[in-house]
file my_file-v3.txt (compact mmCIF, C-alpha atoms and all ligand atoms)
# COMPACT_ATOMS: atom_id res chain seq x y z
CA MET A 13 66.17 104.04 104.46
CA ILE A 14 66.85 104.49 108.14
CA GLY A 15 65.08 102.88 111.09
CA LYS A 16 62.39 104.51 113.17
CA SER A 17 64.64 105.26 116.10
CA ALA A 18 67.22 106.92 113.82
CA LEU A 19 64.37 108.81 112.19
CA ARG A 20 63.20 110.05 115.57
CA THR A 21 66.73 111.22 116.35
CA LEU A 22 66.85 113.04 113.04
CA VAL A 23 63.57 114.79 113.71
CA ASN A 24 64.43 115.74 117.28
CA ASN A 25 67.99 116.87 116.65
CA GLY A 26 67.61 118.42 113.23
CA ALA A 27 68.73 117.05 109.93
CA LYS A 28 72.09 115.34 109.83
CA ILE A 29 72.73 115.16 106.13
CA GLY A 30 76.48 115.59 105.89
CA VAL A 31 76.62 118.33 108.51
CA ARG A 32 75.53 118.09 112.12
CA PHE A 33 72.84 120.50 113.31
CA GLY A 34 72.70 120.41 117.09
CA GLY A 35 70.01 121.03 119.66
CA ALA A 36 66.83 119.24 120.58
CA ARG A 37 63.69 120.59 118.89
CA PHE A 38 65.97 122.62 116.67
CA LYS A 39 64.35 125.04 114.24
CA HIS A 40 66.47 125.72 111.20
CA THR A 41 66.84 129.39 110.32
CA LEU A 42 68.00 131.34 107.29
CA PRO A 43 71.57 132.51 108.02
CA GLU A 44 72.28 136.22 107.76
CA LEU A 45 74.83 137.22 105.17
CA ALA A 46 78.09 138.87 106.20
CA TYR A 47 77.70 141.32 103.30
CA GLY A 48 74.96 143.33 101.63
CA TYR A 49 72.96 142.01 98.69
CA ASP A 50 74.58 144.62 96.44
CA GLU A 51 78.17 144.07 97.58
CA LEU A 52 78.95 141.18 95.25
CA GLU A 53 78.27 143.26 92.16
CA PRO A 54 79.13 143.12 89.32
CA VAL A 55 79.71 139.36 89.66
CA LEU A 56 76.27 138.81 91.22
CA SER A 57 73.60 141.52 91.11
CA LYS A 58 71.55 142.69 94.07
CA LYS A 59 68.42 141.33 92.40
CA LEU A 60 69.93 137.88 91.95
CA MET A 61 71.28 137.80 95.51
CA MET A 62 67.94 138.84 96.99
CA LEU A 63 66.14 136.12 95.06
CA HIS A 64 68.75 133.48 95.79
CA HIS A 65 69.12 134.12 99.51
CA ASP A 66 65.76 135.48 100.61
CA LYS A 67 63.52 133.39 98.32
CA HIS A 68 65.29 130.20 97.26
CA HIS A 69 67.35 129.52 100.37
CA ARG A 70 64.48 130.61 102.62
CA ALA A 71 62.20 128.11 100.86
CA TYR A 72 64.60 125.24 101.68
CA VAL A 73 64.59 126.27 105.34
CA THR A 74 60.80 126.64 105.52
CA ASN A 75 60.17 123.33 103.76
CA LEU A 76 62.73 121.59 105.97
CA ASN A 77 61.08 122.80 109.18
CA ASN A 78 57.59 121.98 107.90
CA SER A 79 58.61 118.47 106.81
CA ILE A 80 60.26 117.78 110.15
CA GLU A 81 57.10 118.90 111.95
CA GLN A 82 55.04 116.53 109.79
CA MET A 83 57.46 113.70 110.58
CA LYS A 84 57.10 114.38 114.30
CA THR A 85 53.31 114.19 114.01
CA LEU A 86 53.45 110.92 112.10
CA LEU A 87 55.95 109.35 114.50
CA ASP A 88 53.77 110.31 117.46
CA SER A 89 50.74 108.89 115.66
CA SER A 90 52.53 105.59 115.00
CA ALA A 91 53.65 105.38 118.63
CA ALA A 92 50.05 105.88 119.79
CA LEU A 93 48.76 103.28 117.32
CA THR A 94 51.38 100.79 118.48
CA GLY A 95 50.22 101.36 122.07
CA LYS A 96 46.60 100.70 121.06
CA GLN A 97 47.57 97.36 119.52
CA GLU A 98 48.25 95.94 122.98
CA GLY A 99 44.72 96.79 124.13
CA VAL A 100 42.99 95.02 121.24
CA SER A 101 45.21 91.97 120.92
CA GLY A 102 42.15 89.65 120.92
CA ASP A 103 40.27 91.56 118.21
CA LYS A 104 41.68 90.55 114.82
CA ASN A 105 39.75 93.18 112.84
CA LYS A 106 40.84 96.07 115.06
CA LEU A 107 44.40 94.79 115.09
CA GLU A 108 44.43 94.62 111.28
CA SER A 109 43.03 98.13 111.04
CA LEU A 110 45.71 99.52 113.39
CA ARG A 111 48.46 97.71 111.47
CA ASN A 112 47.20 99.24 108.21
CA GLU A 113 47.25 102.70 109.75
CA ILE A 114 50.84 102.18 110.92
CA LEU A 115 51.84 100.95 107.45
CA ALA A 116 50.22 104.02 105.87
CA ASN A 117 52.21 106.21 108.27
CA ASP A 118 55.41 104.40 107.32
CA LYS A 119 54.81 105.14 103.64
CA LYS A 120 54.26 108.82 104.36
CA LEU A 121 57.39 108.87 106.55
CA ALA A 122 59.51 107.42 103.74
CA GLU A 123 58.38 110.20 101.39
CA LEU A 124 58.92 112.85 104.06
CA GLN A 125 62.40 111.48 104.70
CA ARG A 126 63.23 112.15 101.03
CA ILE A 127 61.80 115.69 101.28
CA VAL A 128 63.73 116.38 104.50
CA GLY A 129 66.95 115.13 102.87
CA PHE A 130 66.47 117.36 99.84
CA ASN A 131 65.71 120.51 101.82
CA ALA A 132 68.39 119.85 104.43
CA GLY A 133 70.88 119.50 101.57
CA GLY A 134 69.70 122.78 100.08
CA HIS A 135 70.10 124.51 103.45
CA ILE A 136 73.56 123.03 104.07
CA ASN A 137 74.89 123.70 100.57
CA HIS A 138 73.69 127.29 100.42
CA SER A 139 74.90 128.09 103.95
CA LEU A 140 78.35 126.89 102.98
CA MET A 141 78.30 128.87 99.74
CA TRP A 142 77.44 132.21 101.42
CA ASP A 143 80.41 131.69 103.75
CA THR A 144 82.84 130.98 100.93
CA ILE A 145 82.17 134.07 98.85
CA LYS A 146 82.65 137.71 99.80
CA PRO A 147 82.95 141.16 98.19
CA THR A 148 86.07 141.78 96.11
CA LYS A 149 86.70 144.95 98.15
CA ASN A 150 87.00 142.76 101.27
CA GLY A 151 89.50 140.37 99.74
CA GLY A 152 87.16 138.22 97.64
CA GLY A 153 89.13 136.49 94.91
CA ASP A 154 92.47 137.59 96.37
CA GLU A 155 94.44 134.42 95.73
CA GLY A 156 97.77 136.12 96.37
CA ASN A 157 97.04 137.13 99.95
CA GLU A 158 94.24 134.95 101.27
CA ILE A 159 95.19 131.36 100.48
CA SER A 160 97.17 129.87 103.34
CA ALA A 161 100.67 128.62 102.57
CA SER A 162 99.75 125.00 103.24
CA LEU A 163 96.62 125.09 101.06
CA SER A 164 98.57 126.78 98.30
CA LYS A 165 101.15 124.02 98.50
CA GLN A 166 98.51 121.31 98.36
CA ILE A 167 96.77 122.96 95.40
CA SER A 168 100.10 122.93 93.56
CA ARG A 169 100.69 119.30 94.51
CA ASP A 170 97.20 118.01 93.65
CA PHE A 171 96.27 120.20 90.67
CA GLY A 172 99.53 121.71 89.44
CA GLY A 173 98.40 125.21 90.42
CA ILE A 174 95.35 127.39 91.02
CA ASP A 175 94.63 127.94 87.32
CA ASN A 176 94.38 124.21 86.75
CA LEU A 177 92.10 123.85 89.76
CA LYS A 178 89.79 126.50 88.30
CA LYS A 179 89.76 124.85 84.87
CA LEU A 180 88.99 121.46 86.40
CA LEU A 181 86.18 122.72 88.61
CA VAL A 182 84.62 124.83 85.85
CA GLY A 183 84.89 121.88 83.47
CA LYS A 184 83.28 119.51 85.96
CA SER A 185 80.49 121.98 86.67
CA MET A 186 79.86 122.58 82.96
CA GLY A 187 79.57 118.83 82.45
CA LEU A 188 76.88 118.45 85.09
CA MET A 189 73.58 117.42 83.51
CA GLY A 190 70.62 119.10 85.18
CA SER A 191 70.76 120.82 88.57
CA GLY A 192 73.48 120.30 91.14
CA TRP A 193 76.76 121.60 92.52
CA GLY A 194 80.44 121.65 91.57
CA TRP A 195 82.79 121.21 94.53
CA LEU A 196 86.34 121.61 95.68
CA VAL A 197 86.67 118.97 98.38
CA PHE A 198 89.13 117.61 100.88
CA ASP A 199 89.28 113.82 100.80
CA TYR A 200 89.84 112.54 104.34
CA ASN A 201 90.81 109.07 103.15
CA ASN A 202 94.02 110.12 101.45
CA LYS A 203 94.34 113.72 102.67
CA SER A 204 94.11 115.13 99.18
CA LEU A 205 92.10 117.77 97.35
CA GLY A 206 89.69 116.93 94.58
CA VAL A 207 86.88 118.29 92.44
CA MET A 208 83.51 116.60 92.10
CA THR A 209 79.84 117.28 91.43
CA THR A 210 76.70 116.32 93.29
CA ALA A 211 73.21 116.17 91.80
CA ASN A 212 70.28 118.29 92.93
CA GLN A 213 70.87 119.18 96.61
CA ASP A 214 72.97 116.15 97.50
CA THR A 215 75.78 117.07 99.87
CA VAL A 216 79.45 116.28 99.71
CA GLY A 217 79.25 114.72 103.18
CA ALA A 218 76.61 112.25 102.01
CA ALA A 219 78.72 111.33 98.96
CA GLY A 220 81.69 110.03 100.96
CA ASN A 221 84.42 110.87 103.41
CA TYR A 222 84.83 114.41 102.10
CA GLU A 223 84.85 117.95 103.48
CA ALA A 224 83.34 120.60 101.20
CA LEU A 225 85.76 123.50 100.84
CA PHE A 226 84.00 125.49 98.12
CA GLY A 227 80.85 124.95 96.09
CA ILE A 228 79.59 126.38 92.82
CA ASP A 229 75.82 126.38 92.68
CA ALA A 230 74.98 124.95 89.25
CA TRP A 231 71.24 125.47 89.53
CA GLU A 232 69.81 127.94 86.99
CA HIS A 233 68.49 130.13 89.81
CA ALA A 234 72.13 130.82 90.78
CA TYR A 235 72.99 132.68 87.57
CA TYR A 236 70.11 133.07 85.12
CA VAL A 237 69.04 136.55 86.27
CA ASP A 238 72.52 137.91 85.50
CA TYR A 239 73.99 135.56 82.91
CA ASN A 240 70.94 134.13 81.11
CA ASN A 241 72.00 130.90 79.45
CA VAL A 242 75.75 131.69 79.44
CA LYS A 243 76.64 129.78 82.59
CA LEU A 244 80.31 129.53 81.59
CA ASP A 245 80.63 133.28 82.25
CA PHE A 246 79.14 132.77 85.71
CA TYR A 247 81.55 129.92 86.50
CA GLN A 248 84.50 132.03 85.37
CA ASN A 249 83.42 135.20 87.18
CA ILE A 250 82.69 133.52 90.51
CA TRP A 251 86.43 133.33 91.22
CA LYS A 252 86.48 137.14 91.66
CA ILE A 253 84.49 136.75 94.89
CA VAL A 254 85.84 133.52 96.34
CA ASN A 255 86.60 133.74 100.06
CA TRP A 256 89.95 131.97 100.08
CA LYS A 257 90.53 132.87 103.70
CA LYS A 258 87.46 130.88 104.79
CA ILE A 259 88.37 128.01 102.46
CA SER A 260 91.88 127.94 103.91
CA GLU A 261 90.47 127.81 107.47
CA THR A 262 88.19 124.87 106.57
CA TYR A 263 91.11 123.12 104.91
CA GLU A 264 93.39 123.59 107.94
CA LYS A 265 90.71 122.20 110.26
CA ALA A 266 90.13 119.19 108.01
CA MET A 267 93.85 118.51 107.78
CA SER A 268 94.22 118.52 111.55
CA LYS A 269 91.41 115.97 112.17
FE FE A 301 70.96 127.97 94.89
call {"tool": "encode", "arguments": {"input": "my_file-v3.txt", "output": "C-alpha cells"}}
result
Amino acid sequence: MIGKSALRTLVNNGAKIGVRFGGARFKHTLPELAYGYDELEPVLSKKLMMLHHDKHHRAYVTNLNNSIEQMKTLLDSSAALTGKQEGVSGDKNKLESLRNEILANDKKLAELQRIVGFNAGGHINHSLMWDTIKPTKNGGGDEGNEISASLSKQISRDFGGIDNLKKLLVGKSMGLMGSGWGWLVFDYNNKSLGVMTTANQDTVGAAGNYEALFGIDAWEHAYYVDYNNVKLDFYQNIWKIVNWKKISETYEKAMSK
C-alpha cells in the first residue's frame, strides 16, 4: 500500500512501477515499433506480432489510462467529502455517513492501485521487449558484432560465455509456473549480471535494485500462435532477433551510474 499523497503523485505523474514516466496529466500511449510486423519472421509471424503489439500491449495501455482516470475521480471525491466533514462537525449521523463514503472510496482505490500496477507493468515490460528485439537483417541476433566489448567481458565473467547465459535464461523461463517473464538483469548492488523471472506483469525494477537488459515474454500470447505448446522452441529461436546493440547500451548506462 502507499499513502494518499503518494497515490495522487502516481496518478498525476503517471505510473512509476520500476520505470519513471514523466509529465503531469500524462497519457500513456502505445509505442510505435521500429520495424514492420512482418520483419521478425520466421521467428515471430506477422499475425502474432499484430496481436501481441496492437491488441495485447494496447489493452495494457488502455486499461492503465482508464484506471488512472478512475483513481483521479475517486481521489477528488474523497477530497470533497473530507471538506464536507468540516461543515457538519456537529451532526454525528452526517459525519458517520461521510466517513463511510470515504472508506468505500479507499477500498475502491486499493483495488484500482492493484489494477494500475498490473497494467503499468505490462506497458513497461512490453515497451522494453520491443526495443530489445529487431529483424535479423538489421543485426538481430548478431552476437559477434553487436555486443559491446565490456558487456561481452562481463557475460564471460558472470556466466562463462553467451551460450551459458542462453541456457540459464531459457532454463529459468521454462521453469516459470504460469504467466510471467524471464530476464537478463544488471544488479546495481554488486555490479553483476544475472537471470531471474518475474510473475505476471511484475517488473524487474519492483523486484529489487536491478536494471532489465532483456526480457523473454513467457505469457502464452507471446508464442502460442506460432509455436503452439512448444514454448522451448520459442525460447531458443528468440535469440535470432535479440537486439544486442540496445542491450549493450542499457548495460553501459547502468554501469556508469
Ligand atoms: Fe506479452
call {"tool": "residues_around", "arguments": {"input": "my_file-v3.txt", "residues": "A:Asp50", "least_positions_apart": "2", "cutoff": "12 Å", "atoms": "all atoms listed in the file", "output": "list in words"}}
result
Leu45, Ala46, Tyr47, Gly48, Leu52, Glu53, Pro54, Val55, Leu56, Ser57, Lys58, Lys59, Leu60, Met61, Met62, Lys146, Pro147 and Thr148 of chain A
call {"tool": "residues_near_ligand", "arguments": {"input": "my_file-v3.txt", "ligand": "ligand FE 301 (chain A)", "cutoff": "10 Å", "atoms": "only C-alpha atoms and all ligand atoms", "output": "list in words"}}
result
Met61, Leu63, His64, His65, Lys67, His68, His69, Tyr72, Gly134, His135, Asn137, His138, Ser139, Met141, Ser191, Gly192, Trp193, Asn212, Gln213, Ile228, Asp229, Ala230, Trp231, Glu232, His233, Ala234 and Tyr235 of chain A
call {"tool": "atom_distance", "arguments": {"input": "my_file-v3.txt", "atom1": "atom CA of A:Gly151", "atom2": "atom CA of A:Gly173"}}
result
19.9 Å
call {"tool": "atom_distance", "arguments": {"input": "my_file-v3.txt", "atom1": "atom CA of A:Leu225", "atom2": "atom CA of A:Val237"}}
result
25.7 Å
call {"tool": "atom_distance", "arguments": {"input": "my_file-v3.txt", "atom1": "atom CA of A:Val100", "atom2": "atom CA of A:Lys120"}}
result
24.5 Å
call {"tool": "closest_residue", "arguments": {"input": "my_file-v3.txt", "among": "A:Glu158, A:Glu44, A:Glu123, A:Asp245", "to": "A:Val182", "atoms": "only C-alpha atoms"}}
result
A:Asp245
call {"tool": "closest_residue", "arguments": {"input": "my_file-v3.txt", "among": "A:Tyr263, A:Phe226, A:Trp251, A:Tyr239", "to": "A:Trp195", "atoms": "all atoms listed in the file"}}
result
A:Phe226
call {"tool": "closest_residue", "arguments": {"input": "my_file-v3.txt", "among": "A:Gly156, A:Leu76, A:Leu107, A:Thr209", "to": "A:Lys184", "atoms": "only C-alpha atoms"}}
result
A:Thr209
call {"tool": "residues_around", "arguments": {"input": "my_file-v3.txt", "residues": "A:Glu264", "least_positions_apart": "6", "cutoff": "10 Å", "atoms": "all atoms listed in the file", "output": "list of chain:residue names"}}
result
A:Ser160, A:Ser162, A:Leu163, A:Lys258
